[in-house]
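The file data24.csv comes next; it holds CSV, C-alpha atoms and all ligand atoms.
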```csv
chain,number,residue,atom,x,y,z
A,1,LEU,CA,4.7,19.2,-5.8
A,2,ALA,CA,8.0,17.3,-6.2
A,3,PRO,CA,9.6,20.2,-8.3
A,4,LEU,CA,8.6,22.6,-5.5
A,5,ALA,CA,10.4,20.4,-3.0
A,6,ASP,CA,13.5,20.5,-5.3
A,7,LEU,CA,13.3,24.3,-5.4
A,8,ALA,CA,13.0,24.5,-1.6
A,9,LYS,CA,16.1,22.3,-1.3
A,10,GLN,CA,17.9,24.5,-3.8
A,11,ARG,CA,17.1,27.5,-1.5
A,12,GLY,CA,18.8,25.6,1.3
A,13,VAL,CA,15.6,24.4,3.1
A,14,GLN,CA,15.7,21.0,4.6
A,15,VAL,CA,12.6,19.0,3.5
A,16,TYR,CA,11.1,16.3,5.7
A,17,HIS,CA,9.4,13.8,3.4
A,18,LEU,CA,6.2,12.7,4.9
A,19,ASN,CA,4.7,12.5,1.4
A,20,ILE,CA,5.9,9.1,0.2
A,21,GLY,CA,5.9,5.5,1.5
A,22,GLN,CA,9.5,4.6,0.9
A,23,PRO,CA,10.6,2.5,4.0
A,24,ASP,CA,13.9,3.6,5.5
A,25,ILE,CA,14.6,0.4,7.5
A,26,PRO,CA,17.6,-1.3,5.9
A,27,SER,CA,16.7,-4.2,3.4
A,28,PRO,CA,17.5,-7.6,4.9
A,29,PRO,CA,21.2,-8.8,4.7
A,30,GLU,CA,19.8,-12.1,3.5
A,31,PHE,CA,18.7,-10.4,0.3
A,32,PHE,CA,22.2,-9.0,-0.4
A,33,GLU,CA,23.6,-12.5,0.4
A,34,GLY,CA,21.2,-13.9,-2.2
A,35,LEU,CA,22.5,-11.4,-4.7
A,36,ARG,CA,26.1,-12.4,-4.0
A,37,ARG,CA,25.2,-16.1,-4.5
A,38,TYR,CA,23.9,-15.5,-8.0
A,39,GLN,CA,26.6,-17.3,-10.0
A,40,GLU,CA,25.2,-17.7,-13.5
A,41,GLN,CA,27.5,-16.9,-16.6
A,42,VAL,CA,24.5,-15.5,-18.5
A,43,VAL,CA,21.8,-13.4,-16.9
A,44,ALA,CA,19.0,-15.2,-18.8
A,45,TYR,CA,15.2,-14.6,-18.8
A,46,GLU,CA,13.3,-16.3,-16.0
A,47,PRO,CA,10.1,-18.0,-16.9
A,48,SER,CA,7.3,-15.5,-17.6
A,49,ARG,CA,5.3,-16.7,-14.7
A,50,GLY,CA,8.3,-16.2,-12.4
A,51,ASN,CA,11.3,-17.9,-10.9
A,52,LEU,CA,9.9,-21.3,-9.7
A,53,ALA,CA,12.1,-21.3,-6.5
A,54,LEU,CA,10.6,-17.9,-5.6
A,55,CYS,CA,7.0,-19.1,-6.1
A,56,LYS,CA,7.9,-22.0,-3.8
A,57,SER,CA,9.6,-20.0,-1.1
A,58,TRP,CA,7.0,-17.3,-1.1
A,59,SER,CA,4.2,-19.8,-0.8
A,60,ARG,CA,6.1,-21.6,2.0
A,61,SER,CA,6.8,-18.4,3.8
A,62,MET,CA,3.1,-17.4,3.8
A,63,ASN,CA,2.1,-20.8,5.0
A,64,ARG,CA,4.6,-20.7,7.8
A,65,SER,CA,4.0,-17.2,9.1
A,66,LEU,CA,0.3,-17.0,8.4
A,67,GLN,CA,-0.8,-20.6,8.9
A,68,LEU,CA,-2.2,-20.8,5.4
A,69,GLU,CA,-2.0,-23.6,2.8
A,70,THR,CA,-1.2,-21.7,-0.4
A,71,ASP,CA,0.0,-23.7,-3.4
A,72,GLN,CA,3.1,-22.5,-5.2
A,73,ASN,CA,1.4,-23.3,-8.5
A,74,HIS,CA,-1.1,-20.5,-7.8
A,75,PHE,CA,1.6,-17.8,-7.8
A,76,VAL,CA,2.5,-15.6,-10.8
A,77,ILE,CA,5.5,-13.3,-10.1
A,78,THR,CA,5.1,-9.7,-11.2
A,79,ALA,CA,7.1,-6.5,-11.3
A,80,GLY,CA,5.9,-5.3,-7.9
A,81,ALA,CA,2.3,-5.2,-6.6
A,82,SER,CA,1.8,-2.5,-9.2
A,83,GLU,CA,2.0,-5.0,-12.1
A,84,ALA,CA,0.1,-7.6,-10.1
A,85,ILE,CA,-2.8,-5.2,-9.6
A,86,LEU,CA,-2.8,-4.0,-13.2
A,87,PHE,CA,-2.7,-7.7,-14.5
A,88,SER,CA,-5.5,-8.6,-12.1
A,89,ILE,CA,-7.7,-5.8,-13.2
A,90,MET,CA,-7.1,-6.6,-16.9
A,91,ALA,CA,-7.7,-10.3,-16.3
A,92,VAL,CA,-11.3,-9.7,-15.0
A,93,THR,CA,-12.4,-6.7,-17.0
A,94,ASP,CA,-12.9,-5.6,-20.6
A,95,PRO,CA,-12.4,-1.9,-21.5
A,96,GLY,CA,-15.4,0.0,-20.3
A,97,ASP,CA,-16.0,-2.2,-17.3
A,98,GLU,CA,-16.1,-0.9,-13.7
A,99,ILE,CA,-14.4,-1.8,-10.5
A,100,LEU,CA,-15.5,-0.5,-7.0
A,101,VAL,CA,-12.9,1.0,-4.6
A,102,PHE,CA,-13.4,2.8,-1.3
A,103,ASP,CA,-12.4,6.4,-1.2
A,104,PRO,CA,-9.8,7.5,-0.1
A,105,SER,CA,-7.7,4.8,-1.8
A,106,TYR,CA,-4.2,4.3,-3.2
A,107,ALA,CA,-3.7,7.0,-5.9
A,108,ASN,CA,-2.0,4.7,-8.4
A,109,TYR,CA,-5.2,2.6,-8.8
A,110,LEU,CA,-6.4,5.4,-11.0
A,111,GLY,CA,-3.4,4.9,-13.3
A,112,PHE,CA,-3.9,1.2,-13.5
A,113,ALA,CA,-7.6,1.7,-14.4
A,114,ALA,CA,-6.6,4.2,-17.1
A,115,MET,CA,-4.1,1.7,-18.6
A,116,ALA,CA,-6.8,-1.0,-18.6
A,117,GLY,CA,-9.5,1.4,-20.0
A,118,ILE,CA,-11.9,0.8,-17.2
A,119,THR,CA,-13.6,3.1,-14.7
A,120,LEU,CA,-13.0,3.0,-10.9
A,121,VAL,CA,-16.2,3.8,-9.0
A,122,GLY,CA,-15.3,5.4,-5.7
A,123,ILE,CA,-17.5,4.7,-2.7
A,124,PRO,CA,-16.9,7.4,-0.1
A,125,THR,CA,-15.8,6.6,3.5
A,126,THR,CA,-15.4,9.5,6.0
A,127,ILE,CA,-12.8,10.5,8.5
A,128,GLN,CA,-15.6,11.1,11.0
A,129,SER,CA,-16.5,7.4,11.0
A,130,GLY,CA,-12.9,6.3,11.1
A,131,PHE,CA,-13.1,5.3,7.4
A,132,ALA,CA,-15.4,2.4,8.2
A,133,LEU,CA,-16.9,0.7,5.1
A,134,PRO,CA,-20.4,1.7,4.2
A,135,SER,CA,-23.2,-0.9,4.6
A,136,ILE,CA,-23.4,-3.7,2.1
A,137,ASP,CA,-26.8,-2.2,0.8
A,138,GLU,CA,-25.1,1.1,0.2
A,139,ILE,CA,-22.2,-0.6,-1.6
A,140,ALA,CA,-24.7,-2.7,-3.7
A,141,THR,CA,-26.3,0.5,-5.0
A,142,ARG,CA,-23.1,1.2,-6.9
A,143,ILE,CA,-23.1,-2.1,-8.8
A,144,THR,CA,-24.0,-2.0,-12.4
A,145,PRO,CA,-24.0,-4.6,-15.2
A,146,ARG,CA,-20.4,-3.5,-16.0
A,147,THR,CA,-19.1,-4.0,-12.4
A,148,LYS,CA,-16.6,-6.8,-12.3
A,149,ALA,CA,-14.7,-6.5,-9.0
A,150,VAL,CA,-14.2,-4.8,-5.7
A,151,LEU,CA,-10.6,-3.7,-5.1
A,152,VAL,CA,-9.7,-3.5,-1.4
A,153,CYS,CA,-6.6,-2.8,0.6
A,154,SER,CA,-6.1,-3.7,4.3
A,155,PRO,CA,-4.1,-2.4,6.1
A,156,ASN,CA,-4.9,0.6,4.0
A,157,ASN,CA,-2.9,3.1,2.2
A,158,PRO,CA,-3.7,6.0,2.7
A,159,THR,CA,-5.8,5.7,5.8
A,160,GLY,CA,-3.9,3.2,8.0
A,161,THR,CA,-7.1,1.4,8.9
A,162,LEU,CA,-7.8,-2.3,9.0
A,163,MET,CA,-10.8,-4.0,7.6
A,164,LYS,CA,-12.7,-5.8,10.3
A,165,ARG,CA,-13.2,-9.6,9.7
A,166,ALA,CA,-17.0,-9.0,9.6
A,167,GLU,CA,-16.6,-6.4,6.9
A,168,MET,CA,-14.4,-8.9,4.9
A,169,GLU,CA,-17.1,-11.6,5.3
A,170,ARG,CA,-19.8,-9.3,4.2
A,171,LEU,CA,-17.8,-8.3,1.1
A,172,LEU,CA,-17.3,-12.0,0.3
A,173,GLU,CA,-21.0,-12.5,0.5
A,174,LEU,CA,-21.7,-9.6,-1.7
A,175,ALA,CA,-19.1,-10.8,-4.3
A,176,ARG,CA,-20.8,-14.2,-4.2
A,177,SER,CA,-24.3,-13.0,-4.6
A,178,ARG,CA,-23.5,-10.5,-7.4
A,179,GLY,CA,-20.8,-12.5,-9.2
A,180,LEU,CA,-17.9,-10.2,-8.5
A,181,PHE,CA,-14.2,-10.8,-8.0
A,182,ILE,CA,-12.4,-9.4,-4.9
A,183,ILE,CA,-8.9,-8.1,-5.7
A,184,SER,CA,-7.2,-7.9,-2.3
A,185,ASP,CA,-4.1,-5.7,-2.3
A,186,GLU,CA,-2.1,-7.1,0.6
A,187,ALA,CA,1.1,-5.2,0.2
A,188,TYR,CA,0.9,-4.1,3.9
A,189,ARG,CA,-0.6,-7.3,5.4
A,190,GLU,CA,1.9,-7.8,8.2
A,191,PHE,CA,2.0,-4.2,9.2
A,192,VAL,CA,-0.5,-4.4,12.0
A,193,TYR,CA,0.0,-2.8,15.5
A,194,ASP,CA,-1.1,-3.2,19.1
A,195,GLY,CA,-0.7,-7.0,18.9
A,196,ALA,CA,-3.1,-7.5,16.1
A,197,THR,CA,-2.7,-10.6,13.9
A,198,PRO,CA,-2.3,-10.2,10.1
A,199,VAL,CA,-5.4,-11.3,8.2
A,200,SER,CA,-5.5,-12.3,4.5
A,201,PHE,CA,-8.7,-12.8,2.6
A,202,LEU,CA,-7.2,-16.3,2.2
A,203,HIS,CA,-7.8,-16.9,5.9
A,204,LEU,CA,-11.5,-16.6,5.3
A,205,GLU,CA,-11.9,-18.6,2.1
A,206,PRO,CA,-8.7,-20.1,0.9
A,207,ARG,CA,-10.2,-21.9,-2.1
A,208,ASN,CA,-12.6,-19.2,-3.2
A,209,PRO,CA,-12.0,-18.7,-7.0
A,210,ALA,CA,-13.4,-15.1,-6.8
A,211,LEU,CA,-10.5,-14.0,-4.6
A,212,ILE,CA,-7.4,-12.6,-6.3
A,213,ILE,CA,-4.6,-11.7,-3.9
A,214,THR,CA,-1.9,-9.2,-4.9
A,215,ASP,CA,1.2,-9.1,-2.8
A,216,SER,CA,4.6,-7.4,-2.7
A,217,LEU,CA,8.0,-7.6,-1.1
A,218,SER,CA,8.5,-3.8,-1.4
A,219,LYS,CA,7.2,-2.7,2.0
A,220,ARG,CA,7.5,-5.8,4.1
A,221,TYR,CA,11.2,-6.2,3.4
A,222,SER,CA,12.1,-2.6,2.4
A,223,LEU,CA,12.7,-3.9,-1.2
A,224,CYS,CA,10.8,-1.3,-3.2
A,225,GLY,CA,13.6,-1.1,-5.8
A,226,ALA,CA,13.7,-4.9,-6.3
A,227,ARG,CA,10.3,-4.8,-8.0
A,228,ILE,CA,9.0,-8.1,-6.9
A,229,GLY,CA,5.3,-8.8,-6.5
A,230,THR,CA,2.8,-11.6,-7.1
A,231,VAL,CA,-0.7,-12.5,-8.1
A,232,ILE,CA,-2.2,-15.5,-6.2
A,233,SER,CA,-5.3,-17.1,-7.5
A,234,VAL,CA,-6.8,-20.5,-7.4
A,235,HIS,CA,-8.9,-19.6,-10.5
A,236,ASP,CA,-7.4,-21.4,-13.5
A,237,GLU,CA,-8.8,-19.0,-16.1
A,238,VAL,CA,-7.8,-15.9,-14.1
A,239,ARG,CA,-4.3,-17.2,-13.7
A,240,ALA,CA,-4.1,-18.1,-17.4
A,241,ALA,CA,-5.1,-14.6,-18.3
A,242,VAL,CA,-2.5,-13.1,-15.9
A,243,GLN,CA,0.1,-15.5,-17.4
A,244,ARG,CA,-0.7,-14.4,-20.9
A,245,MET,CA,0.0,-10.8,-19.9
A,246,ALA,CA,3.2,-12.0,-18.1
A,247,SER,CA,4.3,-13.7,-21.3
A,248,ALA,CA,3.6,-10.5,-23.3
A,249,ARG,CA,6.1,-8.6,-21.1
A,250,LEU,CA,8.5,-11.6,-21.1
A,251,ALA,CA,9.8,-11.7,-17.5
A,252,VAL,CA,10.6,-10.0,-14.3
A,253,SER,CA,14.3,-9.3,-13.4
A,254,SER,CA,16.2,-12.5,-12.8
A,255,ILE,CA,18.8,-11.6,-10.2
A,256,GLU,CA,16.3,-10.0,-7.8
A,257,GLN,CA,14.0,-13.0,-8.0
A,258,VAL,CA,16.8,-15.4,-7.2
A,259,ALA,CA,17.9,-13.2,-4.3
A,260,ALA,CA,14.4,-12.8,-3.0
A,261,ALA,CA,13.9,-16.6,-3.0
A,262,TYR,CA,17.1,-17.1,-1.0
A,263,MET,CA,16.0,-14.3,1.4
A,264,LEU,CA,12.5,-15.8,2.0
A,265,ASP,CA,14.1,-19.1,2.9
A,266,THR,CA,16.6,-17.8,5.3
A,267,ILE,CA,15.4,-14.6,6.9
A,268,PRO,CA,14.9,-14.8,10.7
A,269,ALA,CA,11.2,-14.4,11.8
A,270,ASP,CA,12.2,-11.4,14.0
A,271,PHE,CA,13.1,-9.2,11.0
A,272,LEU,CA,9.4,-8.2,10.7
A,273,SER,CA,8.7,-8.0,14.4
A,274,LYS,CA,11.6,-5.6,14.9
A,275,ALA,CA,10.5,-3.4,12.0
A,276,LEU,CA,6.9,-3.4,13.4
A,277,GLN,CA,8.1,-2.3,16.8
A,278,GLU,CA,9.9,0.6,15.2
A,279,TYR,CA,6.9,1.6,13.1
A,280,GLN,CA,4.6,1.4,16.1
A,281,GLN,CA,6.7,3.8,18.0
A,282,ARG,CA,6.7,6.2,15.1
A,283,ARG,CA,2.9,5.8,14.8
A,284,ASP,CA,2.5,6.7,18.5
A,285,LEU,CA,4.7,9.8,18.1
A,286,LEU,CA,2.9,10.8,14.9
A,287,VAL,CA,-0.6,10.5,16.4
A,288,ARG,CA,0.4,12.5,19.5
A,289,GLY,CA,2.0,15.2,17.3
A,290,LEU,CA,-1.1,15.4,15.0
A,291,GLU,CA,-3.6,15.5,17.8
A,292,ALA,CA,-1.7,18.4,19.3
A,293,ILE,CA,-2.6,20.6,16.3
A,294,PRO,CA,-5.8,22.4,17.5
A,295,GLY,CA,-8.7,21.6,15.2
A,296,SER,CA,-7.2,18.5,13.6
A,297,ILE,CA,-9.1,15.3,13.1
A,298,VAL,CA,-6.9,12.2,13.5
A,299,VAL,CA,-7.8,8.5,13.1
A,300,ARG,CA,-5.3,6.4,14.9
A,301,PRO,CA,-3.8,4.1,12.2
A,302,GLN,CA,-3.9,0.4,13.1
A,303,GLY,CA,-1.7,-0.7,10.3
A,304,ALA,CA,0.5,0.2,7.3
A,305,PHE,CA,2.5,3.4,7.8
A,306,TYR,CA,0.2,6.1,6.7
A,307,THR,CA,-2.6,8.2,8.0
A,308,ILE,CA,-5.0,10.8,6.6
A,309,VAL,CA,-5.4,13.8,8.9
A,310,GLU,CA,-7.9,16.6,8.5
A,311,LEU,CA,-6.2,19.9,9.2
A,312,PRO,CA,-7.8,23.3,10.2
A,313,VAL,CA,-6.9,24.7,6.7
A,314,ARG,CA,-9.2,25.6,3.9
A,315,SER,CA,-7.5,23.3,1.4
A,316,GLY,CA,-5.0,20.4,1.7
A,317,ASP,CA,-3.7,21.1,-1.8
A,318,GLU,CA,-3.0,24.8,-1.0
A,319,PHE,CA,-1.5,23.9,2.3
A,320,ALA,CA,0.9,21.3,0.8
A,321,GLU,CA,2.0,23.8,-1.8
A,322,PHE,CA,2.4,26.6,0.8
A,323,MET,CA,4.7,24.4,2.9
A,324,LEU,CA,7.1,23.9,0.0
A,325,ARG,CA,6.8,27.3,-1.7
A,326,GLU,CA,6.7,29.8,1.1
A,327,PHE,CA,7.2,28.3,4.5
A,328,ASP,CA,10.1,27.2,6.6
A,329,LEU,CA,10.8,27.0,10.3
A,330,ASN,CA,14.5,27.6,11.0
A,331,GLY,CA,15.3,26.4,7.5
A,332,ARG,CA,13.1,23.3,7.6
A,333,THR,CA,9.8,22.4,6.1
A,334,THR,CA,7.5,19.3,5.8
A,335,PHE,CA,6.3,17.7,2.5
A,336,VAL,CA,2.8,16.2,2.8
A,337,ALA,CA,0.6,14.6,0.2
A,338,PRO,CA,-2.8,16.4,-0.4
A,339,GLY,CA,-5.7,14.2,0.5
A,340,SER,CA,-7.6,15.1,-2.7
A,341,GLY,CA,-5.2,12.9,-4.7
A,342,PHE,CA,-6.5,9.8,-3.0
A,343,HIS,CA,-10.1,10.2,-4.1
A,344,VAL,CA,-11.7,8.9,-7.2
A,345,ALA,CA,-14.8,11.0,-6.7
A,346,ALA,CA,-14.3,14.7,-7.2
A,347,GLY,CA,-14.2,17.0,-4.1
A,348,GLY,CA,-13.2,14.4,-1.6
A,349,GLY,CA,-10.5,14.9,1.1
A,350,LYS,CA,-10.5,18.7,0.7
A,351,ARG,CA,-9.0,19.7,4.0
A,352,GLN,CA,-7.0,16.6,4.4
A,353,VAL,CA,-3.4,15.5,3.8
A,354,ARG,CA,-1.8,12.1,3.9
A,355,VAL,CA,1.4,11.6,6.0
A,356,ALA,CA,3.7,8.6,5.9
A,357,TYR,CA,5.7,7.7,8.9
A,358,VAL,CA,8.8,6.3,7.4
A,359,LEU,CA,11.3,8.6,9.1
A,360,ALA,CA,13.4,7.9,12.2
A,361,LEU,CA,11.9,9.2,15.5
A,362,ASP,CA,14.1,12.3,15.7
A,363,GLU,CA,13.3,13.3,12.2
A,364,LEU,CA,9.6,12.6,12.7
A,365,ARG,CA,9.7,14.9,15.7
A,366,GLY,CA,11.2,17.7,13.6
A,367,ALA,CA,8.7,17.1,10.8
A,368,LEU,CA,5.7,17.3,13.2
A,369,GLU,CA,7.0,20.5,14.8
A,370,THR,CA,7.5,22.1,11.4
A,371,LEU,CA,4.0,20.9,10.3
A,372,ALA,CA,2.3,22.4,13.3
A,373,ALA,CA,4.1,25.7,12.8
A,374,GLY,CA,3.2,25.6,9.1
A,375,VAL,CA,-0.5,25.2,9.9
A,376,GLU,CA,-0.4,28.2,12.2
A,377,ALA,CA,1.4,30.3,9.5
A,378,PHE,CA,-1.1,29.2,6.8
A,379,GLN,CA,-4.0,30.2,9.0
A,380,ARG,CA,-2.5,33.6,9.8
A,381,LYS,CA,-2.1,34.2,6.0
A,382,TYR,CA,-5.2,32.6,4.6
A,383,GLY,CA,-7.6,32.0,7.5
A,384,ALA,CA,-8.7,28.6,8.6
A,401,LIG,C1,-1.5,0.1,-1.4
A,401,LIG,C2,-0.4,-0.1,-2.3
A,401,LIG,N1,-0.5,-1.1,-3.3
A,401,LIG,C3,0.5,-1.3,-4.1
A,401,LIG,C4,1.7,-0.6,-4.1
A,401,LIG,C5,2.8,-0.8,-5.1
A,401,LIG,O1,3.8,-1.5,-4.6
A,401,LIG,P1,5.0,-2.2,-5.4
A,401,LIG,O2,6.2,-1.5,-5.1
A,401,LIG,O3,5.0,-3.6,-5.0
A,401,LIG,O4,4.6,-2.0,-6.9
A,401,LIG,C6,1.9,0.4,-3.1
A,401,LIG,C7,3.1,1.2,-3.1
A,401,LIG,O5,3.2,2.2,-2.4
A,401,LIG,C8,0.8,0.6,-2.2
A,401,LIG,O6,0.9,1.6,-1.3
```

Translate this file's structure into structure tokens.
Ligand SMILES: Cc1ncc(COP(=O)(O)O)c(C=O)c1O
Amino acid sequence: LAPLADLAKQRGVQVYHLNIGQPDIPSPPEFFEGLRRYQEQVVAYEPSRGNLALCKSWSRSMNRSLQLETDQNHFVITAGASEAILFSIMAVTDPGDEILVFDPSYANYLGFAAMAGITLVGIPTTIQSGFALPSIDEIATRITPRTKAVLVCSPNNPTGTLMKRAEMERLLELARSRGLFIISDEAYREFVYDGATPVSFLHLEPRNPALIITDSLSKRYSLCGARIGTVISVHDEVRAAVQRMASARLAVSSIEQVAAAYMLDTIPADFLSKALQEYQQRRDLLVRGLEAIPGSIVVRPQGAFYTIVELPVRSGDEFAEFMLREFDLNGRTTFVAPGSGFHVAAGGGKRQVRVAYVLALDELRGALETLAAGVEAFQRKYGA
């Protein structure tokens, strides 16, 4: 759809991007100060497992803000959570193995699985049930001798839902009884609204060797382009496998790691709380706007900055394309991501789209107005 958006822009149409989770909140000044403080004569490789000061400050920062007791020696720094998830998958599988995910899920998991030569098995959740996890018995029916792990993400992209503590505990029990790893993608961990407290799988069982946490600075600190992530695992063999892959790709960029370490040590605690206030206001505006579209099904997101909405249209794919190819309201249109792209199993999310609320309130208002008018125009042309 991106080329269609470019063509729309060439026609002079303003495109509101609700399709991608690129935070617009400025990156912290402490990161830029960290960049300025980089004084080396040679930009050398950092250790493959990551800059040691960064491992230390990341661990300290999690311990301080989440009341955890992580150990810096259990961190391996990666090029974003993307590489962290890829390495984690490859550490616990052989080609041909399977990993369970809950549909809808983050679309790039499919790419990581393809690179690792494994199969993702999608377990459906429904918008009608607020994307609640199925029962453990139902999940267990998907386990085969080739299943090695469950890959979860809370707060979730694309649904914005949070896993309940009881659900996390049941998953841990399942992993224990069936000998599976849990790979917990915590890229959005702190993005929780309505006064909720961030929960990591590490809060439940900090020393559980079956737990692999993947984390990222991309979203939390608006640092997508710095490409800094981590794998955290107390399991010596898992970490050794991740480190072998880290060695094979040499290192993550040096300057960003040094700057990130400085930032994590010096950033005021209210950076995140201010960002959260802003995102929560946007969430409220978004939910009101989506609920005002007659026939829509909206699940109020409790975290991250996305939601999946079911629209009164026959196909989310066709609708997203229509918005870019044919529609504009006073020279403006809205780019949404078709829900089908977030499903491993074929046929899921047919009438759904994912929207990201990473636009300032005024722009978000414009995007919602345009979206609602687009739904009406689509229905007039193609029926509901
Ligand atoms: C759920 C989820 N996991 C991982 C990533 C990858 O993040 P990074 O920029 O750290 O590679 C994203 C990015 O959008 C994401 O939404």

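Shell of Ala360 in chain A at 8 Å, with all atoms listed in the file counted and residues fewer than 3 places along the chain excluded, is Asp24, Arg282, Glu363 and Leu364 of chain A.
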
Can you work out which one of A:Val13, A:Val287, A:Ala337, A:Val76 has the shortest atom-to-atom distance to Gly50 in chain A, counting only C-alpha atoms?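 When distances to Gly50 in chain A are compared using only C-alpha atoms, the smallest one comes from A:Val76.
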
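Around ligand LIG 401 (chain A), the neighbouring residues within 7 Å, taking all atoms listed in the file, come to A:Gly21, A:Ala79, A:Gly80, A:Ala81, A:Ser82, A:Glu83, A:Tyr106, A:Cys153, A:Asn156, A:Asn157, A:Asp185, A:Ala187, A:Ser216, A:Leu217, A:Ser218, A:Cys224, A:Arg227, A:Ile228, A:Gly229.
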
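CA of Ala91 in chain A sits 8.8 Å away from CA of Glu237 in chain A.
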
Quick one: everything within 9 Å of Ser296 in chain A, counting only C-alpha atoms, minus sequence neighbours fewer than 6 positions away in the same chain. Send it as an MDAnalysis selection string.
chainID A and resid 290 309:312

Leaving out range 163-169 of chain A and any residue of its chain fewer than 4 positions from it, which residues lie within 9 Å of it when counting all atoms listed in the file, given as JSON, numbers by chain? {"A": [132, 133, 135, 136, 153, 154, 155, 156, 173, 174, 199, 201, 204]}

Nearby residues (only C-alpha atoms) at most 7 Å from Val121 in chain A, same-chain spacing under 6 positions excluded, as number ranges by chain: A: 98-101

What is the CA of Ile183 in chain A-CA of Ala259 in chain A distance in Å, reported with one decimal?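 Value for the CA of Ile183 in chain A-CA of Ala259 in chain A distance: 27.3 Å.
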
Q. Distance CA of Glu278 in chain A-CA of Asp328 in chain A, one decimal place?
A.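 Pair CA of Glu278 in chain A / CA of Asp328 in chain A returns 28.0 Å.
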
Polymer residues at most 9 Å from His235 in chain A, all atoms listed in the file, same-chain spacing of 6 or more positions, as a list in words:
His74, Arg207, Asn208, Pro209, Ala210, Leu211 and Ile212 of chain A

Take range 365-377 of chain A, model N, CA, C and O atoms, and hand the result over as a short mmCIF file (atom, residue, chain, number, x, y, z; two decimals), in the coordinates of the input.
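Written file, out32.cif:
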```cif
data_model
loop_
_atom_site.label_atom_id
_atom_site.label_comp_id
_atom_site.auth_asym_id
_atom_site.auth_seq_id
_atom_site.Cartn_x
_atom_site.Cartn_y
_atom_site.Cartn_z
N ARG A 365 9.95 13.83 14.74
CA ARG A 365 9.70 14.90 15.70
C ARG A 365 9.83 16.26 15.02
O ARG A 365 8.99 17.14 15.13
N GLY A 366 10.95 16.42 14.28
CA GLY A 366 11.20 17.70 13.60
C GLY A 366 10.12 17.94 12.53
O GLY A 366 9.64 19.08 12.40
N ALA A 367 9.71 16.91 11.83
CA ALA A 367 8.70 17.10 10.80
C ALA A 367 7.37 17.52 11.39
O ALA A 367 6.66 18.37 10.82
N LEU A 368 7.02 16.97 12.57
CA LEU A 368 5.70 17.30 13.20
C LEU A 368 5.76 18.75 13.74
O LEU A 368 4.78 19.49 13.61
N GLU A 369 6.91 19.13 14.31
CA GLU A 369 7.00 20.50 14.80
C GLU A 369 6.88 21.49 13.68
O GLU A 369 6.17 22.50 13.78
N THR A 370 7.50 21.18 12.57
CA THR A 370 7.50 22.10 11.40
C THR A 370 6.05 22.09 10.81
O THR A 370 5.55 23.15 10.41
N LEU A 371 5.39 20.93 10.80
CA LEU A 371 4.00 20.90 10.30
C LEU A 371 3.08 21.73 11.11
O LEU A 371 2.29 22.51 10.56
N ALA A 372 3.18 21.60 12.43
CA ALA A 372 2.30 22.40 13.30
C ALA A 372 2.52 23.87 13.12
O ALA A 372 1.57 24.65 13.02
N ALA A 373 3.79 24.27 13.02
CA ALA A 373 4.10 25.70 12.80
C ALA A 373 3.58 26.14 11.45
O ALA A 373 3.09 27.28 11.29
N GLY A 374 3.65 25.26 10.45
CA GLY A 374 3.20 25.60 9.10
C GLY A 374 1.66 25.81 9.10
O GLY A 374 1.17 26.71 8.43
N VAL A 375 0.91 24.99 9.87
CA VAL A 375 -0.50 25.20 9.90
C VAL A 375 -0.87 26.54 10.50
O VAL A 375 -1.71 27.28 9.97
N GLU A 376 -0.16 26.93 11.57
CA GLU A 376 -0.40 28.20 12.20
C GLU A 376 -0.11 29.37 11.18
O GLU A 376 -0.88 30.32 11.04
N ALA A 377 1.01 29.24 10.48
CA ALA A 377 1.40 30.30 9.50
C ALA A 377 0.40 30.36 8.38
O ALA A 377 0.05 31.45 7.92
#
```
